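J.: Below is coords.txt; it holds compact mmCIF, N, CA and C atoms.
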# COMPACT_ATOMS: atom_id res chain seq x y z
N MET A 72 -5.15 28.12 103.83
CA MET A 72 -4.95 28.16 102.40
C MET A 72 -6.25 27.72 101.71
N VAL A 73 -6.65 28.46 100.72
CA VAL A 73 -7.87 28.18 99.97
C VAL A 73 -7.57 27.14 98.89
N LYS A 74 -8.41 26.08 98.84
CA LYS A 74 -8.23 25.04 97.84
C LYS A 74 -9.57 24.78 97.17
N THR A 75 -9.55 24.50 95.88
CA THR A 75 -10.76 24.15 95.13
C THR A 75 -10.39 23.41 93.87
N ASP A 76 -11.27 22.50 93.46
CA ASP A 76 -11.11 21.81 92.19
C ASP A 76 -11.96 22.47 91.11
N VAL A 77 -12.86 23.35 91.52
CA VAL A 77 -13.79 23.98 90.58
C VAL A 77 -13.09 25.01 89.71
N PHE A 78 -12.16 25.75 90.30
CA PHE A 78 -11.39 26.76 89.56
C PHE A 78 -9.92 26.35 89.59
N PRO A 79 -9.46 25.56 88.62
CA PRO A 79 -8.11 25.03 88.68
C PRO A 79 -6.99 26.07 88.67
N ALA A 80 -7.24 27.25 88.11
CA ALA A 80 -6.19 28.27 88.04
C ALA A 80 -6.27 29.29 89.16
N ILE A 81 -7.19 29.12 90.08
CA ILE A 81 -7.39 30.16 91.09
C ILE A 81 -6.21 30.30 92.04
N ARG A 82 -5.53 29.21 92.34
CA ARG A 82 -4.39 29.29 93.27
C ARG A 82 -3.30 30.20 92.71
N VAL A 83 -3.04 30.09 91.43
CA VAL A 83 -2.04 30.94 90.78
C VAL A 83 -2.49 32.40 90.87
N LYS A 84 -3.78 32.64 90.62
CA LYS A 84 -4.32 33.99 90.67
C LYS A 84 -4.20 34.58 92.08
N ILE A 85 -4.55 33.77 93.08
CA ILE A 85 -4.46 34.22 94.48
C ILE A 85 -3.03 34.59 94.81
N ASP A 86 -2.10 33.74 94.46
CA ASP A 86 -0.69 33.99 94.77
C ASP A 86 -0.18 35.27 94.10
N ARG A 87 -0.59 35.49 92.86
CA ARG A 87 -0.18 36.72 92.16
C ARG A 87 -0.81 37.95 92.82
N LEU A 88 -2.08 37.83 93.19
CA LEU A 88 -2.77 38.96 93.83
C LEU A 88 -2.21 39.25 95.22
N LEU A 89 -1.84 38.20 95.97
CA LEU A 89 -1.30 38.40 97.32
C LEU A 89 -0.03 39.25 97.32
N LYS A 90 0.77 39.12 96.27
CA LYS A 90 1.99 39.93 96.18
C LYS A 90 1.65 41.42 96.14
N ILE A 91 0.47 41.73 95.65
CA ILE A 91 0.03 43.13 95.59
C ILE A 91 -0.79 43.49 96.83
N THR A 92 -1.77 42.68 97.17
CA THR A 92 -2.71 43.03 98.24
C THR A 92 -2.05 43.10 99.62
N ASN A 93 -1.06 42.28 99.86
CA ASN A 93 -0.40 42.29 101.17
C ASN A 93 0.36 43.59 101.46
N LYS A 94 0.53 44.41 100.45
CA LYS A 94 1.25 45.68 100.64
C LYS A 94 0.32 46.79 101.13
N TYR A 95 -0.99 46.49 101.21
CA TYR A 95 -1.97 47.49 101.59
C TYR A 95 -2.47 47.26 103.02
N ARG A 96 -3.05 48.30 103.59
CA ARG A 96 -3.69 48.18 104.90
C ARG A 96 -4.96 47.35 104.73
N PHE A 97 -5.23 46.49 105.69
CA PHE A 97 -6.32 45.53 105.57
C PHE A 97 -7.68 46.22 105.41
N TYR A 98 -7.97 47.20 106.23
CA TYR A 98 -9.27 47.87 106.17
C TYR A 98 -9.50 48.52 104.81
N ASP A 99 -8.47 49.16 104.28
CA ASP A 99 -8.57 49.77 102.95
C ASP A 99 -8.79 48.70 101.87
N LEU A 100 -8.10 47.59 102.03
CA LEU A 100 -8.21 46.49 101.08
C LEU A 100 -9.63 45.90 101.08
N VAL A 101 -10.23 45.74 102.25
CA VAL A 101 -11.59 45.21 102.34
C VAL A 101 -12.55 46.12 101.57
N LYS A 102 -12.44 47.42 101.78
CA LYS A 102 -13.32 48.36 101.08
C LYS A 102 -13.10 48.30 99.57
N ALA A 103 -11.85 48.25 99.15
CA ALA A 103 -11.54 48.23 97.72
C ALA A 103 -12.06 46.95 97.06
N ILE A 104 -11.83 45.82 97.70
CA ILE A 104 -12.27 44.55 97.13
C ILE A 104 -13.80 44.49 97.08
N TYR A 105 -14.45 45.00 98.09
CA TYR A 105 -15.91 45.05 98.08
C TYR A 105 -16.41 45.88 96.90
N CYS A 106 -15.79 47.03 96.69
CA CYS A 106 -16.20 47.90 95.57
C CYS A 106 -15.95 47.22 94.22
N ILE A 107 -14.82 46.57 94.09
CA ILE A 107 -14.50 45.90 92.83
C ILE A 107 -15.48 44.76 92.57
N ASN A 108 -15.77 43.96 93.60
CA ASN A 108 -16.70 42.84 93.43
C ASN A 108 -18.12 43.31 93.16
N LEU A 109 -18.46 44.45 93.68
CA LEU A 109 -19.81 44.99 93.52
C LEU A 109 -20.02 45.61 92.14
N CYS A 110 -18.96 46.04 91.52
CA CYS A 110 -19.05 46.74 90.24
C CYS A 110 -19.68 45.85 89.18
N ILE A 111 -20.69 46.35 88.51
CA ILE A 111 -21.43 45.59 87.51
C ILE A 111 -20.54 45.10 86.37
N ASN A 112 -19.49 45.83 86.06
CA ASN A 112 -18.60 45.43 84.97
C ASN A 112 -17.72 44.24 85.33
N ASN A 113 -17.65 43.89 86.61
CA ASN A 113 -16.82 42.76 87.04
C ASN A 113 -17.64 41.51 87.31
N ARG A 114 -18.92 41.52 86.99
CA ARG A 114 -19.79 40.39 87.32
C ARG A 114 -19.45 39.13 86.55
N SER A 115 -18.76 39.21 85.46
CA SER A 115 -18.44 37.99 84.70
C SER A 115 -17.13 37.36 85.14
N VAL A 116 -16.36 38.02 85.97
CA VAL A 116 -15.06 37.49 86.37
C VAL A 116 -15.14 36.88 87.78
N LEU A 117 -15.99 35.87 87.93
CA LEU A 117 -16.22 35.26 89.23
C LEU A 117 -14.95 34.68 89.83
N GLU A 118 -14.16 33.99 89.04
CA GLU A 118 -12.92 33.41 89.56
C GLU A 118 -12.02 34.50 90.14
N SER A 119 -11.91 35.60 89.45
CA SER A 119 -11.06 36.69 89.92
C SER A 119 -11.63 37.34 91.18
N CYS A 120 -12.94 37.52 91.21
CA CYS A 120 -13.56 38.11 92.41
C CYS A 120 -13.39 37.20 93.61
N LEU A 121 -13.55 35.90 93.41
CA LEU A 121 -13.32 34.95 94.51
C LEU A 121 -11.85 34.93 94.92
N ALA A 122 -10.95 35.09 93.97
CA ALA A 122 -9.52 35.14 94.29
C ALA A 122 -9.22 36.38 95.14
N LEU A 123 -9.85 37.50 94.82
CA LEU A 123 -9.67 38.70 95.64
C LEU A 123 -10.18 38.48 97.06
N ASN A 124 -11.35 37.84 97.17
CA ASN A 124 -11.88 37.54 98.50
C ASN A 124 -10.93 36.61 99.26
N ALA A 125 -10.35 35.65 98.56
CA ALA A 125 -9.40 34.74 99.20
C ALA A 125 -8.17 35.48 99.71
N CYS A 126 -7.80 36.56 99.03
CA CYS A 126 -6.66 37.37 99.48
C CYS A 126 -6.93 37.96 100.86
N LEU A 127 -8.18 38.22 101.16
CA LEU A 127 -8.52 38.73 102.49
C LEU A 127 -8.35 37.63 103.54
N ILE A 128 -8.66 36.40 103.16
CA ILE A 128 -8.51 35.27 104.08
C ILE A 128 -7.03 35.01 104.36
N GLU A 129 -6.21 35.11 103.33
CA GLU A 129 -4.79 34.78 103.45
C GLU A 129 -3.91 36.01 103.66
N TYR A 130 -4.51 37.10 104.00
CA TYR A 130 -3.82 38.38 104.13
C TYR A 130 -2.71 38.32 105.18
N VAL A 131 -1.55 38.82 104.80
CA VAL A 131 -0.43 39.03 105.72
C VAL A 131 0.11 40.42 105.41
N GLU A 132 -0.04 41.32 106.35
CA GLU A 132 0.35 42.71 106.08
C GLU A 132 1.86 42.84 105.90
N GLN A 133 2.24 43.41 104.77
CA GLN A 133 3.66 43.62 104.49
C GLN A 133 3.95 45.06 104.14
N GLY A 134 2.92 45.88 104.19
CA GLY A 134 3.11 47.28 103.82
C GLY A 134 2.02 48.14 104.44
N SER A 135 2.07 49.39 104.11
CA SER A 135 1.10 50.32 104.70
C SER A 135 0.46 51.22 103.64
N GLN A 136 0.41 50.75 102.40
CA GLN A 136 -0.20 51.55 101.36
C GLN A 136 -1.68 51.72 101.65
N GLU A 137 -2.18 52.91 101.36
CA GLU A 137 -3.58 53.21 101.65
C GLU A 137 -4.40 53.28 100.36
N ILE A 138 -5.68 52.98 100.51
CA ILE A 138 -6.66 53.18 99.44
C ILE A 138 -7.73 54.07 100.07
N ASN A 139 -7.58 55.36 99.89
CA ASN A 139 -8.46 56.29 100.59
C ASN A 139 -9.06 57.35 99.68
N SER A 140 -8.97 57.14 98.38
CA SER A 140 -9.54 58.08 97.43
C SER A 140 -9.82 57.33 96.13
N TYR A 141 -10.56 57.97 95.25
CA TYR A 141 -10.84 57.35 93.96
C TYR A 141 -9.54 57.07 93.21
N ASP A 142 -8.62 58.02 93.24
CA ASP A 142 -7.35 57.83 92.53
C ASP A 142 -6.56 56.65 93.07
N SER A 143 -6.55 56.49 94.40
CA SER A 143 -5.81 55.35 94.97
C SER A 143 -6.51 54.03 94.67
N LEU A 144 -7.86 54.04 94.61
CA LEU A 144 -8.60 52.83 94.21
C LEU A 144 -8.29 52.49 92.76
N LYS A 145 -8.28 53.50 91.90
CA LYS A 145 -7.97 53.28 90.49
C LYS A 145 -6.54 52.75 90.34
N ASN A 146 -5.62 53.30 91.10
CA ASN A 146 -4.24 52.84 91.06
C ASN A 146 -4.15 51.37 91.49
N PHE A 147 -4.87 51.01 92.55
CA PHE A 147 -4.90 49.62 93.01
C PHE A 147 -5.46 48.71 91.91
N PHE A 148 -6.58 49.12 91.31
CA PHE A 148 -7.19 48.30 90.26
C PHE A 148 -6.27 48.17 89.05
N ASP A 149 -5.60 49.25 88.70
CA ASP A 149 -4.65 49.19 87.58
C ASP A 149 -3.56 48.16 87.86
N ARG A 150 -3.15 48.03 89.13
CA ARG A 150 -2.10 47.08 89.49
C ARG A 150 -2.58 45.63 89.39
N ILE A 151 -3.88 45.40 89.63
CA ILE A 151 -4.39 44.03 89.60
C ILE A 151 -5.11 43.69 88.29
N TYR A 152 -5.25 44.65 87.41
CA TYR A 152 -6.05 44.47 86.20
C TYR A 152 -5.60 43.27 85.36
N GLU A 153 -4.32 43.12 85.13
CA GLU A 153 -3.83 42.02 84.29
C GLU A 153 -4.20 40.66 84.89
N ILE A 154 -4.27 40.58 86.20
CA ILE A 154 -4.62 39.33 86.88
C ILE A 154 -6.13 39.13 86.84
N MET A 155 -6.89 40.21 86.88
CA MET A 155 -8.35 40.17 86.96
C MET A 155 -9.04 39.96 85.61
N LYS A 156 -8.33 40.06 84.51
CA LYS A 156 -8.97 39.93 83.20
C LYS A 156 -9.67 38.58 83.08
N PRO A 157 -10.81 38.54 82.34
CA PRO A 157 -11.56 37.28 82.21
C PRO A 157 -10.71 36.16 81.63
N GLY A 158 -10.92 34.97 82.18
CA GLY A 158 -10.22 33.79 81.71
C GLY A 158 -11.22 32.70 81.35
N ILE A 159 -10.75 31.46 81.24
CA ILE A 159 -11.63 30.37 80.81
C ILE A 159 -12.71 30.03 81.84
N ALA A 160 -12.48 30.35 83.11
CA ALA A 160 -13.47 30.03 84.14
C ALA A 160 -14.52 31.13 84.27
N ASP A 161 -14.39 32.18 83.53
CA ASP A 161 -15.32 33.30 83.60
C ASP A 161 -16.28 33.24 82.43
N ASP A 162 -17.42 33.90 82.62
CA ASP A 162 -18.40 33.92 81.55
C ASP A 162 -19.18 35.22 81.62
N TYR A 163 -19.93 35.47 80.56
CA TYR A 163 -20.80 36.64 80.56
C TYR A 163 -22.06 36.26 81.30
N THR A 164 -22.51 37.13 82.15
CA THR A 164 -23.68 36.81 82.98
C THR A 164 -24.81 37.78 82.69
N VAL A 165 -26.00 37.30 82.90
CA VAL A 165 -27.17 38.16 82.83
C VAL A 165 -27.22 38.91 84.16
N GLU A 166 -27.40 40.21 84.09
CA GLU A 166 -27.43 40.99 85.32
C GLU A 166 -28.61 40.57 86.17
N ASP A 167 -28.35 40.30 87.41
CA ASP A 167 -29.36 39.77 88.31
C ASP A 167 -29.07 40.30 89.70
N PHE A 168 -30.09 40.71 90.40
CA PHE A 168 -29.89 41.26 91.72
C PHE A 168 -30.77 40.52 92.71
N GLY A 169 -30.31 40.38 93.92
CA GLY A 169 -31.09 39.73 94.96
C GLY A 169 -30.18 39.31 96.09
N GLU A 170 -30.78 38.74 97.08
CA GLU A 170 -30.01 38.31 98.25
C GLU A 170 -29.63 36.84 98.09
N VAL A 171 -28.39 36.53 98.40
CA VAL A 171 -27.90 35.16 98.33
C VAL A 171 -27.62 34.71 99.76
N ARG A 172 -28.17 33.55 100.12
CA ARG A 172 -27.96 33.04 101.46
C ARG A 172 -27.63 31.55 101.40
N ILE A 173 -26.84 31.09 102.35
CA ILE A 173 -26.53 29.68 102.51
C ILE A 173 -27.26 29.18 103.75
N ARG A 174 -27.91 28.03 103.63
CA ARG A 174 -28.58 27.44 104.78
C ARG A 174 -27.69 26.34 105.33
N TYR A 175 -27.34 26.44 106.60
CA TYR A 175 -26.50 25.46 107.26
C TYR A 175 -27.06 25.19 108.64
N GLU A 176 -27.42 23.94 108.92
CA GLU A 176 -28.02 23.54 110.19
C GLU A 176 -29.20 24.43 110.56
N ASN A 177 -30.07 24.63 109.59
CA ASN A 177 -31.30 25.42 109.75
C ASN A 177 -31.07 26.88 110.11
N LYS A 178 -29.89 27.38 109.86
CA LYS A 178 -29.62 28.81 110.01
C LYS A 178 -29.24 29.34 108.64
N PHE A 179 -29.63 30.57 108.37
CA PHE A 179 -29.32 31.19 107.09
C PHE A 179 -28.21 32.22 107.27
N TYR A 180 -27.25 32.18 106.38
CA TYR A 180 -26.12 33.11 106.43
C TYR A 180 -26.07 33.85 105.10
N ARG A 181 -25.97 35.16 105.16
CA ARG A 181 -25.87 35.95 103.93
C ARG A 181 -24.51 35.76 103.29
N VAL A 182 -24.52 35.69 101.98
CA VAL A 182 -23.28 35.57 101.22
C VAL A 182 -23.16 36.82 100.36
N ILE A 183 -22.10 37.57 100.57
CA ILE A 183 -21.89 38.76 99.75
C ILE A 183 -20.79 38.42 98.75
N ILE A 184 -21.20 38.18 97.52
CA ILE A 184 -20.21 37.91 96.48
C ILE A 184 -20.22 39.00 95.43
N GLY A 185 -21.21 39.89 95.53
CA GLY A 185 -21.27 41.01 94.59
C GLY A 185 -21.60 40.61 93.18
N THR A 186 -22.11 39.40 93.00
CA THR A 186 -22.35 38.95 91.64
C THR A 186 -23.77 38.46 91.40
N GLY A 187 -24.64 38.51 92.37
CA GLY A 187 -26.04 38.14 92.17
C GLY A 187 -26.28 36.64 92.17
N HIS A 188 -27.50 36.24 91.85
CA HIS A 188 -27.90 34.84 91.93
C HIS A 188 -27.24 33.95 90.90
N ASN A 189 -26.88 34.50 89.74
CA ASN A 189 -26.44 33.65 88.65
C ASN A 189 -25.12 32.93 88.91
N ASN A 190 -24.38 33.29 89.92
CA ASN A 190 -23.11 32.62 90.21
C ASN A 190 -23.12 31.87 91.54
N VAL A 191 -24.30 31.63 92.10
CA VAL A 191 -24.38 30.97 93.40
C VAL A 191 -23.77 29.57 93.33
N PHE A 192 -24.05 28.81 92.28
CA PHE A 192 -23.52 27.45 92.18
C PHE A 192 -21.99 27.46 92.23
N ALA A 193 -21.39 28.35 91.48
CA ALA A 193 -19.92 28.42 91.48
C ALA A 193 -19.40 28.85 92.85
N CYS A 194 -20.08 29.79 93.48
CA CYS A 194 -19.66 30.25 94.81
C CYS A 194 -19.75 29.13 95.83
N LEU A 195 -20.84 28.37 95.80
CA LEU A 195 -21.00 27.27 96.74
C LEU A 195 -19.96 26.20 96.51
N ASN A 196 -19.65 25.90 95.27
CA ASN A 196 -18.59 24.92 94.99
C ASN A 196 -17.26 25.40 95.54
N PHE A 197 -16.99 26.69 95.38
CA PHE A 197 -15.75 27.26 95.90
C PHE A 197 -15.70 27.13 97.41
N CYS A 198 -16.82 27.42 98.08
CA CYS A 198 -16.87 27.39 99.55
C CYS A 198 -16.78 25.97 100.10
N LEU A 199 -17.27 25.01 99.37
CA LEU A 199 -17.35 23.64 99.89
C LEU A 199 -16.08 22.83 99.70
N TYR A 200 -15.16 23.29 98.86
CA TYR A 200 -13.93 22.52 98.65
C TYR A 200 -12.82 23.01 99.53
Show this structure as structure tokens.
T.:
Amino acid sequence: MVKTDVFPAIRVKIDRLLKITNKYRFYDLVKAIYCINLCINNRSVLESCLALNACLIEYVEQGSQEINSYDSLKNFFDRIYEIMKPGIADDYTVEDFGEVRIRYENKFYRVIIGTGHNNVFACLNFCLY
């Protein structure tokens, strides 16, 4: 179970999203969430993007719905849109591109959050709690 003090409402968001995401095939869900997190228009909704990533961690397959076309991706996004809308933990960000890495015991690990450098602090806080 994902826990954090940095985003107090994220647990509610994860639980709401899990009711939807668990109905999909895992591989399709990974691709869809990656695309959503990568989309430039979603860069200000860090809490929501992290909640989607957490759904992959807590995934329990309960269905076999597929996301294999643009229309099915759009349908999936339409289902999660109300949950993904910006909230108090989100902000407008300056578009920024680059590689984000975490250094742990002198090894570097790439972090794919789809949001660039400007949200690294929030991502690290999320990962550390």
J.: To one decimal in Å, tell me the separation between CA of Ser119 in chain A and CA of Ser135 in chain A.
T.: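 Separation of CA of Ser119 in chain A and CA of Ser135 in chain A: 23.5 Å.
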J.: Can you list, as a list in words, every protein, DNA or RNA residue that comes within 8 Å of Ile154 in chain A when you count all atoms listed in the file, leaving out same-chain residues fewer than 6 positions away?
T.: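 So the residues in contact are Lys84, Arg87, Leu88 and Ser119 of chain A.
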J.: Quick one: of A:Thr75, A:Asn177, A:Asn108, A:Asn93, who's nearest to Tyr130 in chain A, counting only N, CA and C atoms?
T.: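 Between A:Thr75, A:Asn177, A:Asn108, A:Asn93, the residue approaching Tyr130 in chain A most closely is A:Asn93.
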J.: Atom N of Gln133 in chain A to CA of Asp76 in chain A: how many Å, to one decimal?
T.: 28.3 Å
J.: What does the structure give for the distance between CA of Tyr141 in chain A and CA of Arg96 in chain A, in Å to one decimal?
T.: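 Separating CA of Tyr141 in chain A from CA of Arg96 in chain A is a distance of 16.0 Å.
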J.: Please identify the alpha helix (DSSP H) residues within range 85-179 of chain A (assignment by DSSP from backbone atoms) and present them as JSON, numbers by chain.
T.: {"A": [85, 86, 87, 88, 89, 90, 91, 92, 97, 98, 99, 100, 101, 102, 103, 104, 105, 106, 107, 108, 109, 117, 118, 119, 120, 121, 122, 123, 124, 125, 126, 127, 128, 141, 142, 143, 144, 145, 146, 147, 148, 149, 150, 151, 152, 153, 154, 155]}
J.: Out of A:Tyr95, A:Phe147, A:Phe179, A:Phe78, which residue has the shortest atom-to-atom distance to Glu118 in chain A when counting all atoms listed in the file?
T.: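 When distances to Glu118 in chain A are compared using all atoms listed in the file, the smallest one comes from A:Phe78.
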J.: Which is closest to Leu144 in chain A among A:Arg82, A:Tyr175, A:Cys106, A:Ile128, if we use only C-alpha atoms?
T.: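 Nearest to Leu144 in chain A: A:Cys106.
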J.: Counting only C-alpha atoms, which of A:Glu137, A:Arg174, A:Tyr180, A:Pro157 gets nearest to Lys94 in chain A?
T.: A:Glu137
